[in-house]
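A.B. asks: Enclosed is the structure file protein_0.json (JSON, C-alpha atoms).
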```json
[["chain", "number", "residue", "atom", "x", "y", "z"],
["Q", 594, "MET", "CA", 14.76, -11.43, 1.09],
["Q", 595, "SER", "CA", 12.46, -12.76, -1.62],
["Q", 596, "PHE", "CA", 9.87, -10.58, -3.30],
["Q", 597, "PHE", "CA", 7.08, -12.58, -1.64],
["Q", 598, "SER", "CA", 8.60, -12.16, 1.83],
["Q", 599, "GLU", "CA", 9.08, -8.45, 1.18],
["Q", 600, "ALA", "CA", 5.48, -8.14, -0.02],
["Q", 601, "GLU", "CA", 4.16, -9.89, 3.09],
["Q", 602, "THR", "CA", 6.21, -7.59, 5.32],
["Q", 603, "SER", "CA", 4.89, -4.61, 3.36],
["Q", 604, "ILE", "CA", 1.28, -5.69, 3.79],
["Q", 605, "ARG", "CA", 1.78, -5.91, 7.55],
["Q", 606, "LEU", "CA", 3.55, -2.54, 7.67],
["Q", 607, "LEU", "CA", 0.83, -0.83, 5.64],
["Q", 608, "PHE", "CA", -1.91, -2.30, 7.80],
["Q", 609, "ASP", "CA", -0.13, -1.36, 11.02],
["Q", 610, "THR", "CA", 0.38, 2.18, 9.71],
["Q", 611, "VAL", "CA", -3.30, 2.57, 8.86],
["Q", 612, "ASN", "CA", -4.37, 0.95, 12.12],
["Q", 613, "LEU", "CA", -2.36, 3.53, 14.03],
["Q", 614, "GLY", "CA", -4.14, 6.30, 12.15],
["Q", 615, "PHE", "CA", -0.91, 7.34, 10.45],
["Q", 616, "ASN", "CA", 0.61, 8.40, 13.75],
["Q", 617, "VAL", "CA", 3.76, 6.91, 12.29],
["Q", 618, "ASP", "CA", 5.43, 8.04, 9.09],
["Q", 619, "PRO", "CA", 3.27, 6.85, 6.12],
["Q", 620, "SER", "CA", 6.22, 7.32, 3.76],
["Q", 621, "LYS", "CA", 7.51, 3.92, 4.90],
["Q", 622, "GLY", "CA", 4.40, 2.32, 3.45],
["Q", 623, "GLN", "CA", 4.71, 4.40, 0.31],
["Q", 624, "ASP", "CA", 8.31, 3.21, -0.10],
["Q", 625, "HIS", "CA", 7.11, -0.39, 0.01],
["Q", 626, "ILE", "CA", 4.43, 0.31, -2.57],
["Q", 627, "GLU", "CA", 7.01, 1.95, -4.82],
["Q", 628, "ASN", "CA", 9.26, -1.12, -4.47],
["Q", 629, "TRP", "CA", 6.37, -3.38, -5.52],
["Q", 630, "ILE", "CA", 5.65, -1.15, -8.50],
["Q", 631, "GLN", "CA", 9.28, -1.15, -9.64],
["Q", 632, "HIS", "CA", 9.60, -4.92, -9.19],
["Q", 633, "LEU", "CA", 6.43, -5.66, -11.15],
["Q", 634, "ARG", "CA", 7.34, -3.17, -13.88],
["Q", 635, "SER", "CA", 10.68, -4.94, -14.31],
["Q", 636, "ILE", "CA", 8.84, -8.23, -14.90],
["Q", 637, "ASP", "CA", 6.70, -6.51, -17.57],
["Q", 638, "GLN", "CA", 4.20, -9.32, -18.08],
["Q", 639, "PRO", "CA", 0.57, -8.81, -19.12],
["Q", 640, "ALA", "CA", -0.60, -10.33, -15.82],
["Q", 641, "THR", "CA", 1.39, -7.84, -13.74],
["Q", 642, "ARG", "CA", 0.28, -4.65, -15.50],
["Q", 643, "PRO", "CA", -3.12, -4.47, -13.75],
["Q", 644, "LEU", "CA", -1.31, -5.00, -10.45],
["Q", 645, "VAL", "CA", 0.95, -2.03, -11.17],
["Q", 646, "ALA", "CA", -2.06, 0.14, -12.01],
["Q", 647, "GLU", "CA", -3.82, -0.86, -8.77],
["Q", 648, "LEU", "CA", -0.66, -0.25, -6.74],
["Q", 649, "GLU", "CA", -0.51, 3.25, -8.20],
["Q", 650, "THR", "CA", -4.12, 3.72, -7.13],
["Q", 651, "LEU", "CA", -3.26, 2.43, -3.65],
["Q", 652, "ARG", "CA", -0.39, 4.91, -3.44],
["Q", 653, "GLY", "CA", -2.89, 7.73, -3.98],
["Q", 654, "HIS", "CA", -5.19, 6.37, -1.25],
["Q", 655, "VAL", "CA", -2.26, 6.16, 1.17],
["Q", 656, "ASN", "CA", -1.37, 9.78, 0.34],
["Q", 657, "ALA", "CA", -4.98, 10.76, 1.07],
["Q", 658, "ASN", "CA", -5.06, 8.71, 4.30],
["Q", 659, "ASN", "CA", -8.26, 7.03, 3.08],
["Q", 660, "ALA", "CA", -8.51, 3.65, 4.83],
["Q", 661, "ALA", "CA", -11.77, 2.66, 3.09],
["Q", 662, "ALA", "CA", -10.28, 3.23, -0.35],
["Q", 663, "MET", "CA", -7.10, 1.41, 0.70],
["Q", 664, "ALA", "CA", -9.25, -1.56, 1.70],
["Q", 665, "GLU", "CA", -10.79, -1.63, -1.77],
["Q", 666, "SER", "CA", -7.33, -1.48, -3.35],
["Q", 667, "PHE", "CA", -6.06, -4.31, -1.14],
["Q", 668, "GLN", "CA", -9.11, -6.39, -2.13],
["Q", 669, "MET", "CA", -8.49, -5.70, -5.82],
["Q", 670, "LEU", "CA", -4.77, -6.47, -5.44],
["Q", 671, "GLY", "CA", -5.65, -9.78, -3.78],
["Q", 672, "GLU", "CA", -8.02, -10.70, -6.58],
["Q", 673, "LEU", "CA", -5.56, -9.65, -9.29],
["Q", 674, "THR", "CA", -2.75, -11.59, -7.60],
["Q", 675, "ALA", "CA", -4.93, -14.70, -7.49],
["Q", 676, "GLN", "CA", -5.75, -14.30, -11.19],
["Q", 677, "ALA", "CA", -2.08, -13.85, -12.06],
["Q", 678, "ALA", "CA", -1.18, -16.97, -10.08],
["Q", 679, "ALA", "CA", -4.01, -19.13, -11.43],
["Q", 680, "GLY", "CA", -1.94, -20.79, -14.13],
["Q", 681, "THR", "CA", 1.37, -20.77, -12.27],
["Q", 682, "HIS", "CA", 2.47, -24.21, -11.11],
["Q", 683, "SER", "CA", 6.14, -24.95, -10.64],
["Q", 684, "PHE", "CA", 8.48, -26.83, -8.38],
["Q", 685, "LYS", "CA", 9.74, -23.47, -7.12],
["Q", 686, "GLY", "CA", 6.31, -22.89, -5.58],
["Q", 687, "GLU", "CA", 5.91, -19.38, -6.97],
["Q", 688, "GLY", "CA", 2.24, -19.93, -7.76],
["Q", 689, "ASP", "CA", 1.58, -21.17, -4.24],
["Q", 690, "LYS", "CA", 3.42, -18.20, -2.76],
["Q", 691, "ALA", "CA", 1.43, -15.80, -4.95],
["Q", 692, "ARG", "CA", -1.85, -17.46, -3.95],
["Q", 693, "GLU", "CA", -0.86, -17.16, -0.27],
["Q", 694, "LEU", "CA", 0.01, -13.50, -0.83],
["Q", 695, "SER", "CA", -3.40, -13.05, -2.46],
["Q", 696, "GLN", "CA", -5.10, -14.41, 0.65],
["Q", 697, "LYS", "CA", -3.08, -12.08, 2.88],
["Q", 698, "LEU", "CA", -4.02, -9.07, 0.75],
["Q", 699, "ILE", "CA", -7.71, -9.97, 0.96],
["Q", 700, "THR", "CA", -7.42, -10.50, 4.72],
["Q", 701, "ALA", "CA", -5.73, -7.12, 5.06],
["Q", 702, "ALA", "CA", -8.59, -5.60, 3.02],
["Q", 703, "GLY", "CA", -11.11, -6.97, 5.49],
["Q", 704, "ASN", "CA", -9.11, -5.67, 8.43],
["Q", 705, "LEU", "CA", -8.78, -2.25, 6.77],
["Q", 706, "ARG", "CA", -12.55, -2.11, 6.31],
["Q", 707, "LEU", "CA", -12.92, -2.47, 10.08],
["Q", 708, "VAL", "CA", -10.35, 0.27, 10.64],
["Q", 709, "ALA", "CA", -12.08, 2.50, 8.08],
["Q", 710, "ARG", "CA", -15.37, 2.28, 10.00],
["Q", 711, "GLN", "CA", -13.61, 3.75, 13.01],
["Q", 712, "THR", "CA", -11.45, 6.30, 11.15],
["Q", 713, "PRO", "CA", -12.97, 9.45, 9.64],
["Q", 714, "VAL", "CA", -11.80, 10.32, 6.13],
["Q", 715, "GLN", "CA", -9.26, 13.17, 6.20],
["Q", 716, "HIS", "CA", -9.65, 15.97, 3.66]]
```
Could the structure of this file be written out as structure tokens, please?
C.D. replies:
Amino acid sequence: MSFFSEAETSIRLLFDTVNLGFNVDPSKGQDHIENWIQHLRSIDQPATRPLVAELETLRGHVNANNAAAMAESFQMLGELTAQAAAGTHSFKGEGDKARELSQKLITAAGNLRLVARQTPVQH
């Protein structure tokens, strides 16, 4: 499975987990976030470092079960992914895949905002 396919699957899993109010095991989502972090750290490019920092922030929001904060992190991840992909044009299509991933992250952020309105913050 490619990194982009794995990331798309992870976005869906994280959203589904939040949408269910964490009635399922949130550690699955955390595992996906950790995989993203490790993958992006291994690339070690200036454009990926802000993504790693935001993923670490997202991990904290998942731990706190804070859907509103997760939505903000997804939005930021989408924007950062779009910025990282802005100058990427190749026959492999990596830039296009990253831009598509960016759109999915931003869509997930919007969906999480709706969930957050219906889910009280847990302390």
A.B. asks: Work out how far apart atom CA of Glu649 of chain Q and atom CA of Leu707 of chain Q are and give it in Å to one decimal.
C.D. replies: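 Rounded to one decimal, the two atoms are 22.8 Å apart.
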A.B. asks: Would you list the contacts of Ser620 of chain Q as a list in words, taking every protein, DNA or RNA residue within 9 Å and counting only C-alpha atoms, but skipping same-chain residues closer than 4 positions in sequence?
C.D. replies: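 Residues near the query, excluding close chain neighbours: Asp624, His625, Val655 and Asn656 of chain Q.
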A.B. asks: Save the residues we just selected, C-alpha atoms, as a PDB file, in the frame of the given file?
C.D. replies:
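File part18.pdb, as written:
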```
ATOM      1  CA  ASP Q 624       8.310   3.210  -0.100  1.00  0.00           C
ATOM      2  CA  HIS Q 625       7.110  -0.390   0.010  1.00  0.00           C
ATOM      3  CA  VAL Q 655      -2.260   6.160   1.170  1.00  0.00           C
ATOM      4  CA  ASN Q 656      -1.370   9.780   0.340  1.00  0.00           C
TER       5      ASN Q 656
END
```
A.B. asks: For Ala701 of chain Q, find every residue with an atom within 9 Å (counting all atoms listed in the file), except residues of its own chain fewer than 4 positions away, and show them as a PyMOL selection string.
C.D. replies: chain Q and resi 604-605+608+664+667-668+696-697+705-706
A.B. asks: Would you save the residues of that selection, restricted to C-alpha atoms, as a PDB file, in the coordinates of the input?
C.D. replies:
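This went into out-v7.pdb:
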```
ATOM      1  CA  ILE Q 604       1.280  -5.690   3.790  1.00  0.00           C
ATOM      2  CA  ARG Q 605       1.780  -5.910   7.550  1.00  0.00           C
ATOM      3  CA  PHE Q 608      -1.910  -2.300   7.800  1.00  0.00           C
ATOM      4  CA  ALA Q 664      -9.250  -1.560   1.700  1.00  0.00           C
ATOM      5  CA  PHE Q 667      -6.060  -4.310  -1.140  1.00  0.00           C
ATOM      6  CA  GLN Q 668      -9.110  -6.390  -2.130  1.00  0.00           C
ATOM      7  CA  GLN Q 696      -5.100 -14.410   0.650  1.00  0.00           C
ATOM      8  CA  LYS Q 697      -3.080 -12.080   2.880  1.00  0.00           C
ATOM      9  CA  LEU Q 705      -8.780  -2.250   6.770  1.00  0.00           C
ATOM     10  CA  ARG Q 706     -12.550  -2.110   6.310  1.00  0.00           C
TER      11      ARG Q 706
END
```
A.B. asks: For atom CA of Ala675 of chain Q and atom CA of Asn658 of chain Q, determine how far apart the two atoms are, in Å to one decimal place.
C.D. replies: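 For atom CA of Ala675 of chain Q relative to atom CA of Asn658 of chain Q, the distance reads 26.2 Å.
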A.B. asks: Determine the nearest neighbour of Met669 of chain Q from the options Q:Ile636, Q:Ala691, Q:Leu698, Q:Ala657, counting all atoms listed in the file.
C.D. replies: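 Closest to Met669 of chain Q of all the choices is Q:Leu698.
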A.B. asks: So what do you get for atom CA of Gly688 of chain Q versus atom CA of Ile626 of chain Q, distance-wise?
C.D. replies: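 Interatomic distance, atom CA of Gly688 of chain Q to atom CA of Ile626 of chain Q: 21.0 Å.
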A.B. asks: Export segment 624-666 of chain Q from the structure block above, keeping N, CA and C atoms, as a PDB file, in the first residue's frame.
C.D. replies:
```pdb
ATOM      1  N   ASP Q 624      -2.389   4.889  16.161  1.00  0.00           N
ATOM      2  CA  ASP Q 624      -1.377   4.109  15.447  1.00  0.00           C
ATOM      3  C   ASP Q 624      -1.151   4.668  14.046  1.00  0.00           C
ATOM      4  N   HIS Q 625      -2.243   5.064  13.386  1.00  0.00           N
ATOM      5  CA  HIS Q 625      -2.107   5.638  12.048  1.00  0.00           C
ATOM      6  C   HIS Q 625      -1.356   6.968  12.097  1.00  0.00           C
ATOM      7  N   ILE Q 626      -1.682   7.778  13.077  1.00  0.00           N
ATOM      8  CA  ILE Q 626      -0.985   9.057  13.224  1.00  0.00           C
ATOM      9  C   ILE Q 626       0.496   8.814  13.446  1.00  0.00           C
ATOM     10  N   GLU Q 627       0.820   7.861  14.291  1.00  0.00           N
ATOM     11  CA  GLU Q 627       2.228   7.542  14.559  1.00  0.00           C
ATOM     12  C   GLU Q 627       2.934   7.064  13.286  1.00  0.00           C
ATOM     13  N   ASN Q 628       2.242   6.284  12.466  1.00  0.00           N
ATOM     14  CA  ASN Q 628       2.828   5.844  11.195  1.00  0.00           C
ATOM     15  C   ASN Q 628       3.116   7.028  10.280  1.00  0.00           C
ATOM     16  N   TRP Q 629       2.180   7.988  10.219  1.00  0.00           N
ATOM     17  CA  TRP Q 629       2.411   9.191   9.412  1.00  0.00           C
ATOM     18  C   TRP Q 629       3.642   9.934   9.916  1.00  0.00           C
ATOM     19  N   ILE Q 630       3.697  10.106  11.237  1.00  0.00           N
ATOM     20  CA  ILE Q 630       4.824  10.837  11.831  1.00  0.00           C
ATOM     21  C   ILE Q 630       6.139  10.167  11.469  1.00  0.00           C
ATOM     22  N   GLN Q 631       6.220   8.863  11.649  1.00  0.00           N
ATOM     23  CA  GLN Q 631       7.465   8.140  11.359  1.00  0.00           C
ATOM     24  C   GLN Q 631       7.828   8.232   9.884  1.00  0.00           C
ATOM     25  N   HIS Q 632       6.825   8.105   9.008  1.00  0.00           N
ATOM     26  CA  HIS Q 632       7.089   8.201   7.566  1.00  0.00           C
ATOM     27  C   HIS Q 632       7.629   9.582   7.202  1.00  0.00           C
ATOM     28  N   LEU Q 633       6.980  10.616   7.701  1.00  0.00           N
ATOM     29  CA  LEU Q 633       7.406  11.977   7.358  1.00  0.00           C
ATOM     30  C   LEU Q 633       8.744  12.327   7.998  1.00  0.00           C
ATOM     31  N   ARG Q 634       9.003  11.815   9.176  1.00  0.00           N
ATOM     32  CA  ARG Q 634      10.327  12.034   9.792  1.00  0.00           C
ATOM     33  C   ARG Q 634      11.421  11.380   8.964  1.00  0.00           C
ATOM     34  N   SER Q 635      11.134  10.221   8.384  1.00  0.00           N
ATOM     35  CA  SER Q 635      12.152   9.525   7.585  1.00  0.00           C
ATOM     36  C   SER Q 635      12.473  10.294   6.297  1.00  0.00           C
ATOM     37  N   ILE Q 636      11.510  11.065   5.799  1.00  0.00           N
ATOM     38  CA  ILE Q 636      11.760  11.898   4.617  1.00  0.00           C
ATOM     39  C   ILE Q 636      12.670  13.059   4.992  1.00  0.00           C
ATOM     40  N   ASP Q 637      12.439  13.642   6.167  1.00  0.00           N
ATOM     41  CA  ASP Q 637      13.238  14.722   6.729  1.00  0.00           C
ATOM     42  C   ASP Q 637      13.508  15.847   5.724  1.00  0.00           C
ATOM     43  N   GLN Q 638      12.424  16.421   5.217  1.00  0.00           N
ATOM     44  CA  GLN Q 638      12.500  17.569   4.326  1.00  0.00           C
ATOM     45  C   GLN Q 638      11.898  18.776   5.043  1.00  0.00           C
ATOM     46  N   PRO Q 639      12.386  19.972   4.734  1.00  0.00           N
ATOM     47  CA  PRO Q 639      11.828  21.164   5.389  1.00  0.00           C
ATOM     48  C   PRO Q 639      10.305  21.271   5.259  1.00  0.00           C
ATOM     49  N   ALA Q 640       9.755  20.841   4.133  1.00  0.00           N
ATOM     50  CA  ALA Q 640       8.305  20.952   3.920  1.00  0.00           C
ATOM     51  C   ALA Q 640       7.518  19.976   4.780  1.00  0.00           C
ATOM     52  N   THR Q 641       8.145  18.886   5.233  1.00  0.00           N
ATOM     53  CA  THR Q 641       7.411  17.900   6.028  1.00  0.00           C
ATOM     54  C   THR Q 641       7.489  18.159   7.530  1.00  0.00           C
ATOM     55  N   ARG Q 642       8.430  18.974   7.963  1.00  0.00           N
ATOM     56  CA  ARG Q 642       8.585  19.208   9.401  1.00  0.00           C
ATOM     57  C   ARG Q 642       7.355  19.856  10.045  1.00  0.00           C
ATOM     58  N   PRO Q 643       6.734  20.861   9.398  1.00  0.00           N
ATOM     59  CA  PRO Q 643       5.506  21.407  10.002  1.00  0.00           C
ATOM     60  C   PRO Q 643       4.373  20.381  10.051  1.00  0.00           C
ATOM     61  N   LEU Q 644       4.346  19.475   9.081  1.00  0.00           N
ATOM     62  CA  LEU Q 644       3.344  18.410   9.090  1.00  0.00           C
ATOM     63  C   LEU Q 644       3.542  17.496  10.299  1.00  0.00           C
ATOM     64  N   VAL Q 645       4.787  17.147  10.572  1.00  0.00           N
ATOM     65  CA  VAL Q 645       5.089  16.305  11.731  1.00  0.00           C
ATOM     66  C   VAL Q 645       4.644  17.000  13.014  1.00  0.00           C
ATOM     67  N   ALA Q 646       4.952  18.283  13.137  1.00  0.00           N
ATOM     68  CA  ALA Q 646       4.561  19.027  14.341  1.00  0.00           C
ATOM     69  C   ALA Q 646       3.041  19.045  14.498  1.00  0.00           C
ATOM     70  N   GLU Q 647       2.312  19.241  13.398  1.00  0.00           N
ATOM     71  CA  GLU Q 647       0.850  19.279  13.482  1.00  0.00           C
ATOM     72  C   GLU Q 647       0.275  17.898  13.772  1.00  0.00           C
ATOM     73  N   LEU Q 648       0.901  16.856  13.248  1.00  0.00           N
ATOM     74  CA  LEU Q 648       0.459  15.496  13.558  1.00  0.00           C
ATOM     75  C   LEU Q 648       0.641  15.185  15.041  1.00  0.00           C
ATOM     76  N   GLU Q 649       1.728  15.689  15.617  1.00  0.00           N
ATOM     77  CA  GLU Q 649       1.936  15.504  17.053  1.00  0.00           C
ATOM     78  C   GLU Q 649       0.860  16.232  17.854  1.00  0.00           C
ATOM     79  N   THR Q 650       0.471  17.409  17.368  1.00  0.00           N
ATOM     80  CA  THR Q 650      -0.622  18.150  17.990  1.00  0.00           C
ATOM     81  C   THR Q 650      -1.924  17.362  17.871  1.00  0.00           C
ATOM     82  N   LEU Q 651      -2.176  16.820  16.681  1.00  0.00           N
ATOM     83  CA  LEU Q 651      -3.385  16.023  16.457  1.00  0.00           C
ATOM     84  C   LEU Q 651      -3.426  14.824  17.399  1.00  0.00           C
ATOM     85  N   ARG Q 652      -2.294  14.188  17.587  1.00  0.00           N
ATOM     86  CA  ARG Q 652      -2.220  13.035  18.491  1.00  0.00           C
ATOM     87  C   ARG Q 652      -2.703  13.422  19.892  1.00  0.00           C
ATOM     88  N   GLY Q 653      -2.306  14.597  20.351  1.00  0.00           N
ATOM     89  CA  GLY Q 653      -2.765  15.074  21.663  1.00  0.00           C
ATOM     90  C   GLY Q 653      -4.266  15.311  21.696  1.00  0.00           C
ATOM     91  N   HIS Q 654      -4.818  15.845  20.601  1.00  0.00           N
ATOM     92  CA  HIS Q 654      -6.267  16.085  20.542  1.00  0.00           C
ATOM     93  C   HIS Q 654      -7.040  14.774  20.516  1.00  0.00           C
ATOM     94  N   VAL Q 655      -6.488  13.764  19.837  1.00  0.00           N
ATOM     95  CA  VAL Q 655      -7.130  12.448  19.827  1.00  0.00           C
ATOM     96  C   VAL Q 655      -7.116  11.869  21.243  1.00  0.00           C
ATOM     97  N   ASN Q 656      -5.983  11.995  21.928  1.00  0.00           N
ATOM     98  CA  ASN Q 656      -5.886  11.507  23.311  1.00  0.00           C
ATOM     99  C   ASN Q 656      -6.904  12.186  24.217  1.00  0.00           C
ATOM    100  N   ALA Q 657      -7.173  13.475  23.952  1.00  0.00           N
ATOM    101  CA  ALA Q 657      -8.126  14.234  24.771  1.00  0.00           C
ATOM    102  C   ALA Q 657      -9.571  14.077  24.292  1.00  0.00           C
ATOM    103  N   ASN Q 658      -9.768  13.357  23.187  1.00  0.00           N
ATOM    104  CA  ASN Q 658     -11.109  13.159  22.625  1.00  0.00           C
ATOM    105  C   ASN Q 658     -11.777  14.505  22.319  1.00  0.00           C
ATOM    106  N   ASN Q 659     -11.010  15.431  21.750  1.00  0.00           N
ATOM    107  CA  ASN Q 659     -11.495  16.776  21.468  1.00  0.00           C
ATOM    108  C   ASN Q 659     -11.719  16.928  19.959  1.00  0.00           C
ATOM    109  N   ALA Q 660     -12.945  16.689  19.523  1.00  0.00           N
ATOM    110  CA  ALA Q 660     -13.272  16.708  18.096  1.00  0.00           C
ATOM    111  C   ALA Q 660     -13.059  18.086  17.475  1.00  0.00           C
ATOM    112  N   ALA Q 661     -13.376  19.150  18.201  1.00  0.00           N
ATOM    113  CA  ALA Q 661     -13.202  20.499  17.654  1.00  0.00           C
ATOM    114  C   ALA Q 661     -11.728  20.791  17.385  1.00  0.00           C
ATOM    115  N   ALA Q 662     -10.882  20.429  18.316  1.00  0.00           N
ATOM    116  CA  ALA Q 662      -9.444  20.639  18.129  1.00  0.00           C
ATOM    117  C   ALA Q 662      -8.900  19.736  17.025  1.00  0.00           C
ATOM    118  N   MET Q 663      -9.434  18.520  16.923  1.00  0.00           N
ATOM    119  CA  MET Q 663      -9.018  17.627  15.838  1.00  0.00           C
ATOM    120  C   MET Q 663      -9.379  18.237  14.492  1.00  0.00           C
ATOM    121  N   ALA Q 664     -10.549  18.859  14.413  1.00  0.00           N
ATOM    122  CA  ALA Q 664     -10.960  19.505  13.164  1.00  0.00           C
ATOM    123  C   ALA Q 664      -9.963  20.584  12.768  1.00  0.00           C
ATOM    124  N   GLU Q 665      -9.530  21.374  13.734  1.00  0.00           N
ATOM    125  CA  GLU Q 665      -8.547  22.424  13.447  1.00  0.00           C
ATOM    126  C   GLU Q 665      -7.227  21.824  12.967  1.00  0.00           C
ATOM    127  N   SER Q 666      -6.818  20.711  13.589  1.00  0.00           N
ATOM    128  CA  SER Q 666      -5.582  20.051  13.161  1.00  0.00           C
ATOM    129  C   SER Q 666      -5.725  19.482  11.756  1.00  0.00           C
TER     130      SER Q 666
END
```
